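Visitor: Input file: upload-v6.txt. Contents: compact mmCIF, C-alpha atoms.
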# COMPACT_ATOMS: atom_id res chain seq x y z
CA MET A 1499 0.00 0.00 0.00
CA SER A 1500 1.53 3.33 -1.04
CA ALA A 1501 1.83 6.36 1.23
CA THR A 1502 -0.78 8.18 -0.89
CA THR A 1503 -3.24 5.30 -0.53
CA ILE A 1504 -2.72 5.21 3.24
CA THR A 1505 -3.29 8.97 3.44
CA GLU A 1506 -6.45 8.72 1.32
CA THR A 1507 -7.75 5.81 3.40
CA ARG A 1508 -7.16 7.83 6.58
CA GLN A 1509 -8.95 10.82 5.08
CA HIS A 1510 -11.95 8.68 4.02
CA ALA A 1511 -12.10 7.06 7.47
CA ALA A 1512 -12.03 10.47 9.16
CA GLN A 1513 -14.74 11.76 6.80
CA GLY A 1514 -16.91 8.72 7.53
CA ILE A 1515 -16.55 9.05 11.30
CA ARG A 1516 -17.26 12.79 11.10
CA ALA A 1517 -20.34 12.16 8.95
CA PHE A 1518 -21.66 9.50 11.37
CA TYR A 1519 -21.32 11.82 14.37
CA SER A 1520 -22.44 14.96 12.53
CA ARG A 1521 -25.99 14.25 13.71
CA PRO A 1522 -27.12 13.81 17.33
CA ILE A 1523 -28.51 10.40 16.39
CA GLY A 1524 -24.95 9.14 15.94
CA TRP A 1525 -24.05 10.11 19.53
CA LEU A 1526 -27.33 8.70 20.85
CA ALA A 1527 -26.57 5.42 19.08
CA LEU A 1528 -23.09 5.33 20.63
CA LEU A 1529 -24.34 6.02 24.15
CA VAL A 1530 -27.25 3.55 24.01
CA SER A 1531 -25.23 0.84 22.25
CA SER A 1532 -22.33 1.17 24.66
CA ALA A 1533 -24.54 1.10 27.76
CA THR A 1534 -26.63 -1.82 26.45
CA LEU A 1535 -23.62 -3.87 25.37
CA ALA A 1536 -21.62 -3.16 28.54
CA TYR A 1537 -24.39 -3.67 31.10
CA GLY A 1538 -26.76 -6.04 29.22
CA GLY A 1539 -24.23 -8.10 27.27
CA GLY A 1540 -21.76 -7.69 30.13
CA GLY A 1541 -24.40 -9.08 32.49
CA VAL A 1542 -24.80 -12.25 30.44
CA MET A 1543 -21.04 -12.67 30.13
CA PHE A 1544 -20.60 -12.02 33.86
CA TRP A 1545 -23.09 -14.79 34.62
CA PHE A 1546 -21.28 -17.10 32.19
CA HIS A 1547 -17.77 -16.46 33.53
CA ALA A 1548 -18.33 -15.83 37.23
CA ILE A 1549 -21.36 -17.92 38.09
CA TYR A 1550 -21.69 -20.68 35.49
CA ARG A 1551 -17.95 -21.36 35.11
CA GLY A 1552 -16.97 -20.11 38.55
CA GLU A 1553 -13.96 -18.14 37.34
CA LYS A 1554 -12.24 -16.35 40.19
CA GLY A 1555 -12.77 -12.67 40.84
CA PRO A 1556 -12.95 -10.40 43.89
CA PRO A 1557 -15.21 -12.01 46.54
CA ILE A 1558 -17.93 -9.36 46.42
CA ASN A 1559 -21.68 -9.57 45.96
CA ASP A 1560 -22.60 -10.70 42.43
CA TRP A 1561 -24.72 -7.62 41.73
CA TYR A 1562 -21.89 -5.27 42.75
CA HIS A 1563 -19.47 -7.40 40.78
CA TRP A 1564 -21.62 -7.15 37.64
CA ALA A 1565 -22.05 -3.37 38.07
CA PHE A 1566 -18.31 -2.92 38.73
CA ASP A 1567 -17.14 -5.02 35.78
CA SER A 1568 -19.76 -3.57 33.43
CA SER A 1569 -18.86 0.00 34.40
CA LEU A 1570 -15.20 -0.69 33.69
CA GLY A 1571 -16.26 -2.30 30.39
CA PHE A 1572 -18.41 0.71 29.55
CA ILE A 1573 -15.47 3.07 30.08
CA ALA A 1574 -12.91 0.88 28.31
CA LEU A 1575 -15.02 -0.24 25.35
CA THR A 1576 -16.89 2.96 24.43
CA PRO A 1577 -13.82 4.26 22.53
CA ALA A 1578 -13.72 1.01 20.53
CA LEU A 1579 -17.43 1.26 19.83
CA PHE A 1580 -16.87 4.86 18.67
CA PHE A 1581 -15.09 3.35 15.67
CA ILE A 1582 -17.09 0.11 15.37
CA LEU A 1583 -20.50 1.77 14.78
CA PRO A 1584 -19.48 3.93 11.77
CA GLY A 1585 -17.14 1.17 10.59
CA ALA A 1586 -19.99 -1.35 10.44
CA LEU A 1587 -22.20 1.11 8.57
CA TRP A 1588 -19.37 1.87 6.14
CA ALA A 1589 -18.86 -1.86 5.46
CA ILE A 1590 -22.57 -2.40 4.88
CA ASP A 1591 -22.70 0.49 2.43
CA ARG A 1592 -20.03 -1.28 0.38
CA THR A 1593 -22.29 -4.39 0.08
CA ARG A 1594 -25.02 -2.41 -1.74
CA LEU A 1595 -27.76 -3.96 0.38
CA GLY A 1596 -30.91 -2.18 -0.71
CA ALA A 1597 -33.62 -3.06 1.79
CA SER A 1598 -33.68 -1.17 5.05
CA ARG A 1599 -34.29 -4.36 7.10
CA ALA A 1600 -31.40 -6.18 5.42
CA LYS A 1601 -29.11 -3.25 6.21
CA ALA A 1602 -30.27 -3.18 9.83
CA ALA A 1603 -29.76 -6.95 10.19
CA ALA A 1604 -26.28 -6.80 8.67
CA TYR A 1605 -25.39 -3.82 10.86
CA VAL A 1606 -26.50 -5.60 14.04
CA ALA A 1607 -24.60 -8.76 13.09
CA LEU A 1608 -21.43 -6.86 12.25
CA VAL A 1609 -21.47 -4.72 15.39
CA GLY A 1610 -22.06 -7.83 17.52
CA VAL A 1611 -19.22 -9.76 15.87
CA LEU A 1612 -16.74 -6.87 16.03
CA PHE A 1613 -17.62 -6.10 19.63
CA GLY A 1614 -17.35 -9.78 20.55
CA VAL A 1615 -13.89 -9.98 19.00
CA VAL A 1616 -12.76 -6.75 20.70
CA THR A 1617 -13.82 -8.17 24.07
CA GLY A 1618 -11.79 -11.34 23.43
CA PRO A 1619 -8.87 -10.25 25.68
CA GLY A 1620 -11.45 -9.24 28.32
CA PRO A 1621 -10.78 -12.21 30.66
CA ILE A 1622 -7.03 -11.47 30.58
CA MET A 1623 -7.61 -7.80 31.30
CA HIS A 1624 -10.10 -8.71 34.03
CA ASP A 1625 -7.65 -11.01 35.83
CA PHE A 1626 -4.83 -8.51 35.40
CA LEU A 1627 -6.77 -5.46 36.58
CA VAL A 1628 -9.52 -6.63 38.90
CA GLY A 1629 -8.61 -10.24 39.64
CA ARG A 1630 -8.87 -11.64 43.17
CA ASP A 1631 -5.54 -10.38 44.52
CA THR A 1632 -4.97 -7.27 42.45
CA ALA A 1633 -5.00 -3.76 43.91
CA LEU A 1634 -8.28 -2.89 42.20
CA GLY A 1635 -9.80 -6.22 43.26
CA LYS A 1636 -8.84 -5.51 46.90
CA LEU A 1637 -10.23 -1.99 46.61
CA ALA A 1638 -13.51 -3.46 45.30
CA VAL A 1639 -13.69 -5.70 48.39
CA ASP A 1640 -12.99 -2.68 50.64
CA VAL A 1641 -15.67 -0.59 48.94
CA PHE A 1642 -18.40 -3.20 48.40
CA GLY A 1643 -17.61 -5.51 51.30
CA ARG A 1644 -16.60 -9.17 51.32
CA ASP A 1645 -19.40 -11.59 50.48
CA PRO A 1646 -18.74 -14.85 52.40
CA ASP A 1647 -21.00 -16.88 50.08
CA VAL A 1648 -19.04 -15.77 47.03
CA ALA A 1649 -15.70 -16.25 48.81
CA ALA A 1650 -16.69 -19.83 49.70
CA ARG A 1651 -17.83 -20.59 46.17
CA VAL A 1652 -15.74 -23.38 44.65
CA GLY A 1653 -14.32 -22.02 41.45
CA GLY A 1654 -13.12 -23.84 38.42
CA GLU A 1655 -9.51 -23.63 37.28
CA TYR A 1656 -9.35 -22.86 33.58
CA SER A 1657 -6.63 -21.87 31.17
CA THR A 1658 -6.51 -18.28 30.00
CA LEU A 1659 -6.78 -19.51 26.42
CA SER A 1660 -10.06 -21.30 27.11
CA ASP A 1661 -11.38 -18.15 28.84
CA VAL A 1662 -10.54 -16.05 25.78
CA ILE A 1663 -11.92 -18.55 23.27
CA LEU A 1664 -15.16 -18.89 25.20
CA GLN A 1665 -15.39 -15.11 25.63
CA VAL A 1666 -15.49 -14.75 21.83
CA ALA A 1667 -17.51 -17.92 21.08
CA VAL A 1668 -20.20 -17.16 23.64
CA GLY A 1669 -19.83 -13.38 23.39
CA VAL A 1670 -20.50 -13.03 19.67
CA PRO A 1671 -24.09 -14.41 19.70
CA VAL A 1672 -24.78 -12.57 22.96
CA TYR A 1673 -23.51 -9.26 21.62
CA VAL A 1674 -25.34 -9.68 18.30
CA THR A 1675 -28.58 -10.12 20.25
CA VAL A 1676 -27.82 -7.17 22.51
CA ALA A 1677 -26.86 -5.00 19.51
CA LEU A 1678 -30.33 -5.74 18.15
CA VAL A 1679 -31.85 -4.60 21.45
CA ALA A 1680 -29.76 -1.40 21.25
CA LEU A 1681 -30.95 -0.73 17.69
CA VAL A 1682 -34.59 -1.19 18.69
CA ALA A 1683 -34.06 1.05 21.73
CA VAL A 1684 -32.49 3.85 19.67
CA ARG A 1685 -35.28 3.65 17.09
CA ALA A 1686 -37.90 3.79 19.85
CA MET A 1687 -36.19 6.82 21.43
CA VAL A 1688 -35.94 8.64 18.10
CA SER A 1689 -39.56 7.88 17.32
CA GLY A 1690 -40.61 9.03 20.82
CA LEU A 1691 -38.60 12.25 20.51
CA ALA A 1692 -40.17 12.96 17.11
CA ARG A 1693 -43.66 12.60 18.60
CA ALA A 1694 -42.89 14.75 21.68
CA MET B 1026 -20.37 37.71 -15.84
CA ILE B 1027 -22.01 34.78 -14.02
CA GLN B 1028 -22.73 31.89 -16.39
CA LYS B 1029 -22.64 28.68 -14.35
CA ILE B 1030 -23.89 28.46 -10.76
CA LEU B 1031 -23.52 25.50 -8.44
CA VAL B 1032 -25.54 25.16 -5.25
CA GLY B 1033 -25.10 22.38 -2.73
CA THR B 1034 -28.04 21.03 -0.75
CA ASP B 1035 -28.80 18.43 1.89
CA THR B 1036 -32.55 19.02 1.19
CA SER B 1037 -32.97 20.72 4.62
CA ALA B 1038 -35.07 23.87 4.99
CA ALA B 1039 -31.92 25.98 5.42
CA ALA B 1040 -30.27 24.54 2.32
CA ASP B 1041 -33.50 25.12 0.42
CA LEU B 1042 -33.20 28.86 1.11
CA ALA B 1043 -29.75 28.75 -0.49
CA VAL B 1044 -31.23 26.93 -3.49
CA GLU B 1045 -33.87 29.69 -3.81
CA ALA B 1046 -31.15 32.35 -3.63
CA ALA B 1047 -29.16 30.49 -6.30
CA ALA B 1048 -32.23 30.31 -8.54
CA ASP B 1049 -32.79 34.07 -8.13
CA LEU B 1050 -29.16 34.68 -9.05
CA ALA B 1051 -29.39 32.36 -12.05
CA ARG B 1052 -32.56 34.07 -13.27
CA ALA B 1053 -31.02 37.55 -12.90
CA HIS B 1054 -27.94 36.55 -14.88
CA ASP B 1055 -29.60 34.09 -17.26
CA ALA B 1056 -27.12 31.56 -15.93
CA GLU B 1057 -27.13 27.78 -15.82
CA LEU B 1058 -27.86 26.31 -12.36
CA LEU B 1059 -26.84 22.92 -10.99
CA VAL B 1060 -28.36 21.76 -7.69
CA LEU B 1061 -25.98 19.24 -6.15
CA TYR B 1062 -26.92 16.81 -3.40
CA VAL B 1063 -23.86 15.20 -1.82
CA LYS B 1064 -24.67 11.94 -0.05
CA PRO B 1065 -22.48 11.72 3.06
CA PRO B 1066 -20.11 8.73 3.22
CA ILE B 1067 -21.95 7.38 6.27
CA ASP B 1068 -25.37 8.40 7.56
CA ALA B 1069 -26.46 7.06 10.97
CA ARG B 1070 -30.11 7.51 9.93
CA GLU B 1071 -29.73 4.61 7.47
CA VAL B 1072 -30.19 2.11 10.29
CA PHE B 1073 -31.42 4.14 13.26
CA ASP B 1074 -34.02 6.32 11.57
CA PRO B 1075 -34.54 5.16 7.97
CA GLY B 1076 -37.86 7.02 7.71
CA LYS B 1077 -36.01 10.36 8.02
CA LEU B 1078 -33.59 9.77 5.16
CA PRO B 1079 -33.84 12.50 2.54
CA ASP B 1080 -35.23 11.80 -0.92
CA PRO B 1081 -32.72 13.70 -3.08
CA ASP B 1082 -34.05 12.32 -6.37
CA GLY B 1083 -37.59 13.51 -5.62
CA TYR B 1084 -36.26 16.87 -4.38
CA LEU B 1085 -34.12 17.43 -7.48
CA ASP B 1086 -36.88 16.29 -9.88
CA ARG B 1087 -39.06 19.16 -8.64
CA MET B 1088 -36.51 21.86 -9.51
CA PRO B 1089 -37.74 22.67 -13.07
CA GLN B 1090 -41.33 23.11 -11.80
CA ARG B 1091 -40.20 25.22 -8.84
CA PHE B 1092 -38.02 27.53 -10.91
CA PRO B 1093 -39.60 27.94 -14.35
CA GLY B 1094 -37.48 29.94 -16.76
CA VAL B 1095 -34.24 28.90 -15.06
CA LYS B 1096 -31.91 26.46 -16.79
CA VAL B 1097 -31.75 24.16 -13.76
CA GLY B 1098 -30.44 20.64 -13.38
CA GLY B 1099 -29.89 18.31 -10.44
CA ARG B 1100 -27.30 15.72 -9.54
CA VAL B 1101 -26.45 13.34 -6.71
CA GLU B 1102 -22.82 12.64 -5.77
CA SER B 1103 -21.26 10.75 -2.86
CA GLY B 1104 -18.46 11.92 -0.60
CA ASP B 1105 -17.48 14.70 1.73
CA PRO B 1106 -19.90 17.58 0.99
CA ALA B 1107 -17.43 20.50 0.92
CA GLU B 1108 -14.78 18.57 -0.99
CA THR B 1109 -17.26 17.27 -3.55
CA ILE B 1110 -18.83 20.69 -4.12
CA CYS B 1111 -15.39 22.22 -4.77
CA ASP B 1112 -14.30 19.29 -6.97
CA VAL B 1113 -17.41 19.50 -9.17
CA ALA B 1114 -17.07 23.28 -9.44
CA GLU B 1115 -13.45 22.99 -10.52
CA ALA B 1116 -13.91 20.05 -12.90
CA GLU B 1117 -16.88 21.56 -14.69
CA GLY B 1118 -15.88 25.21 -14.74
CA PHE B 1119 -18.55 26.72 -12.53
CA ASP B 1120 -17.92 30.39 -11.84
CA THR B 1121 -20.07 30.75 -8.73
CA ILE B 1122 -20.94 28.48 -5.81
CA VAL B 1123 -23.94 29.36 -3.66
CA ILE B 1124 -24.07 28.10 -0.08
CA GLY B 1125 -26.07 28.88 3.04
CA ASN B 1126 -24.47 30.31 6.17
CA ARG B 1127 -26.01 27.68 8.45
CA GLY B 1128 -23.26 25.80 10.24
CA THR B 1129 -20.82 28.70 10.23
CA HIS B 1130 -21.42 29.49 13.92
CA GLY B 1131 -21.70 27.65 17.19
CA LYS B 1132 -19.83 25.06 19.22
CA LYS B 1133 -20.70 22.20 16.88
CA ARG B 1134 -18.59 23.82 14.15
CA TRP B 1135 -15.44 23.46 16.24
CA PHE B 1136 -15.79 19.72 16.45
CA LEU B 1137 -17.51 18.80 13.20
CA GLY B 1138 -16.25 21.51 10.92
CA SER B 1139 -18.54 23.48 8.67
CA VAL B 1140 -19.40 22.81 5.05
CA PRO B 1141 -19.85 26.53 4.18
CA ASN B 1142 -16.55 27.48 5.84
CA ALA B 1143 -14.69 24.69 4.06
CA VAL B 1144 -16.22 25.66 0.71
CA VAL B 1145 -15.24 29.31 1.20
CA GLN B 1146 -11.68 28.27 2.05
CA HIS B 1147 -11.19 25.80 -0.80
CA SER B 1148 -13.48 27.05 -3.55
CA PRO B 1149 -11.94 27.36 -7.02
CA CYS B 1150 -14.39 30.20 -7.89
CA SER B 1151 -16.51 32.96 -6.38
CA VAL B 1152 -18.76 32.01 -3.48
CA PHE B 1153 -22.12 33.62 -2.73
CA VAL B 1154 -23.14 33.06 0.89
CA ALA B 1155 -26.92 33.19 1.30
CA ASP B 1156 -28.38 34.10 4.68
CA THR B 1157 -30.28 30.98 5.73
CA ARG B 1158 -30.53 31.74 9.45
CA ARG B 1159 -34.30 32.21 9.32
CA ALA B 1160 -34.67 28.48 8.68
CA GLN B 1161 -32.87 27.60 11.92
Can you turn what I pasted into structure tokens?

Guide:
Amino acid sequence: MSATTITETRQHAAQGIRAFYSRPIGWLALLVSSATLAYGGGGVMFWFHAIYRGEKGPPINDWYHWAFDSSLGFIALTPALFFILPGALWAIDRTRLGASRAKAAAYVALVGVLFGVVTGPGPIMHDFLVGRDTALGKLAVDVFGRDPDVAARVGGEYSTLSDVILQVAVGVPVYVTVALVALVAVRAMVSGLARA
Amino acid sequence: MIQKILVGTDTSAAADLAVEAAADLARAHDAELLVLYVKPPIDAREVFDPGKLPDPDGYLDRMPQRFPGVKVGGRVESGDPAETICDVAEAEGFDTIVIGNRGTHGKKRWFLGSVPNAVVQHSPCSVFVADTRRAQ
């Protein structure tokens, strides 16, 4: 790829991102999608990792744990979603899909897949940042209090690789579904605002 | 002498005032007028609010009826609005570009940039800035 092509690609990407966020609906979509994916999708993935598989984390109440992890996910992943949303729309435009429903379905699928892949290193980051004996994990116990039931829970010992593979394999269908919920929510909000 | 006028539109009420100003100018100078709709590279409304997407073809088709006696044509292009307007003007020898002044003020301009400002800065010909504030 020549330097000119790289420069042009950068310019087109910047133009696309600017165009997506040139309307308030672009920012609304980012906020709603990020919150829904982090707290809704994050909730399902929290249940899968912490409760179903019993992966170790700070011994705090499950609800606090979900809110804590999801909030960190919301902060960390919103910048990625800032690029994923216009990127998905740009890719769909290249496919020349005509029907509005087909475009929406492709958009939801693409956002879910990309978000699922981006969260792949999530279990590694979780163990590194807020794992059981990390500084942030200890702070979480100090702030939210130790939950003896969670502390006594017998956890499974899994390899990091299996955690990452399952994060993507389970995450992709979860995030596709949640991206659909986010799309419906944004459409409902826009329709409600138009009526108000 | 004004012979070829180009006006950019996004079919909004403010842009329509610029189109009216361009038609007045074309009529006064017996000039040719091209109404250009530039489809943005990405539009969030495509998936989040498809009912609100503009209908540029329908809008442009109505131009001859709206401005009888003016040699008016319409065209749809894709790309960055300011860049495309300037490119078309340069490639096809337009001597005047008409734009509205909406988007030249406010905080939003600092982050998103402004199509009118960019056209004024990069235009290859004269630019007529129509006052479209009453549509805001």

Visitor: Just to confirm, what's the straight-line distance from CA of Val1063 (chain B) to CA of Ser1500 (chain A) in Å (one decimal)?

Guide: 28.0 Å

Visitor: Provide the CA of Ile1622 (chain A) to CA of Thr1658 (chain A) distance in Å, to one decimal place.

Guide: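 It comes out at 6.9 Å.
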
Visitor: For chain B, which residues have at least one atom within 7 Å of chain A, if we go by all atoms listed in the file? Write them as a compact mmCIF listing (two decimals) with C-alpha atoms, in the coordinates of the input, please.

Guide:
# COMPACT_ATOMS: atom_id res chain seq x y z
CA PRO B 1065 -22.48 11.72 3.06
CA PRO B 1066 -20.11 8.73 3.22
CA ILE B 1067 -21.95 7.38 6.27
CA ASP B 1068 -25.37 8.40 7.56
CA ALA B 1069 -26.46 7.06 10.97
CA VAL B 1072 -30.19 2.11 10.29
CA PHE B 1073 -31.42 4.14 13.26
CA ASP B 1074 -34.02 6.32 11.57
CA ASP B 1105 -17.48 14.70 1.73
CA LEU B 1137 -17.51 18.80 13.20

Visitor: In the coordinate frame of the file, compute which residues have an atom within 10 Å of (-10.2, -7.1, 40.0) when using all atoms listed in the file, and state them as an mmCIF file with C-alpha atoms, in the frame of the given file.

Guide:
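New file point-v2.cif:
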data_model
loop_
_atom_site.group_PDB
_atom_site.id
_atom_site.type_symbol
_atom_site.label_atom_id
_atom_site.label_comp_id
_atom_site.auth_asym_id
_atom_site.auth_seq_id
_atom_site.Cartn_x
_atom_site.Cartn_y
_atom_site.Cartn_z
ATOM 1 C CA LYS A 1554 -12.240 -16.350 40.190
ATOM 2 C CA GLY A 1555 -12.770 -12.670 40.840
ATOM 3 C CA PRO A 1556 -12.950 -10.400 43.890
ATOM 4 C CA PRO A 1557 -15.210 -12.010 46.540
ATOM 5 C CA HIS A 1563 -19.470 -7.400 40.780
ATOM 6 C CA PHE A 1566 -18.310 -2.920 38.730
ATOM 7 C CA ASP A 1567 -17.140 -5.020 35.780
ATOM 8 C CA MET A 1623 -7.610 -7.800 31.300
ATOM 9 C CA HIS A 1624 -10.100 -8.710 34.030
ATOM 10 C CA ASP A 1625 -7.650 -11.010 35.830
ATOM 11 C CA PHE A 1626 -4.830 -8.510 35.400
ATOM 12 C CA LEU A 1627 -6.770 -5.460 36.580
ATOM 13 C CA VAL A 1628 -9.520 -6.630 38.900
ATOM 14 C CA GLY A 1629 -8.610 -10.240 39.640
ATOM 15 C CA ARG A 1630 -8.870 -11.640 43.170
ATOM 16 C CA ASP A 1631 -5.540 -10.380 44.520
ATOM 17 C CA THR A 1632 -4.970 -7.270 42.450
ATOM 18 C CA ALA A 1633 -5.000 -3.760 43.910
ATOM 19 C CA LEU A 1634 -8.280 -2.890 42.200
ATOM 20 C CA GLY A 1635 -9.800 -6.220 43.260
ATOM 21 C CA LYS A 1636 -8.840 -5.510 46.900
ATOM 22 C CA LEU A 1637 -10.230 -1.990 46.610
ATOM 23 C CA ALA A 1638 -13.510 -3.460 45.300
ATOM 24 C CA VAL A 1639 -13.690 -5.700 48.390
#

Visitor: If we count all atoms listed in the file and set the cut-off at 10 Å, which residues sit around Thr1034 (chain B), ignoring sequence neighbours fewer than 2 positions away in its own chain? Please answer as a PyMOL selection string.

Guide: chain B and resi 1031-1032+1036-1044+1060-1064+1081+1084-1085+1101+1106+1110+1123-1125
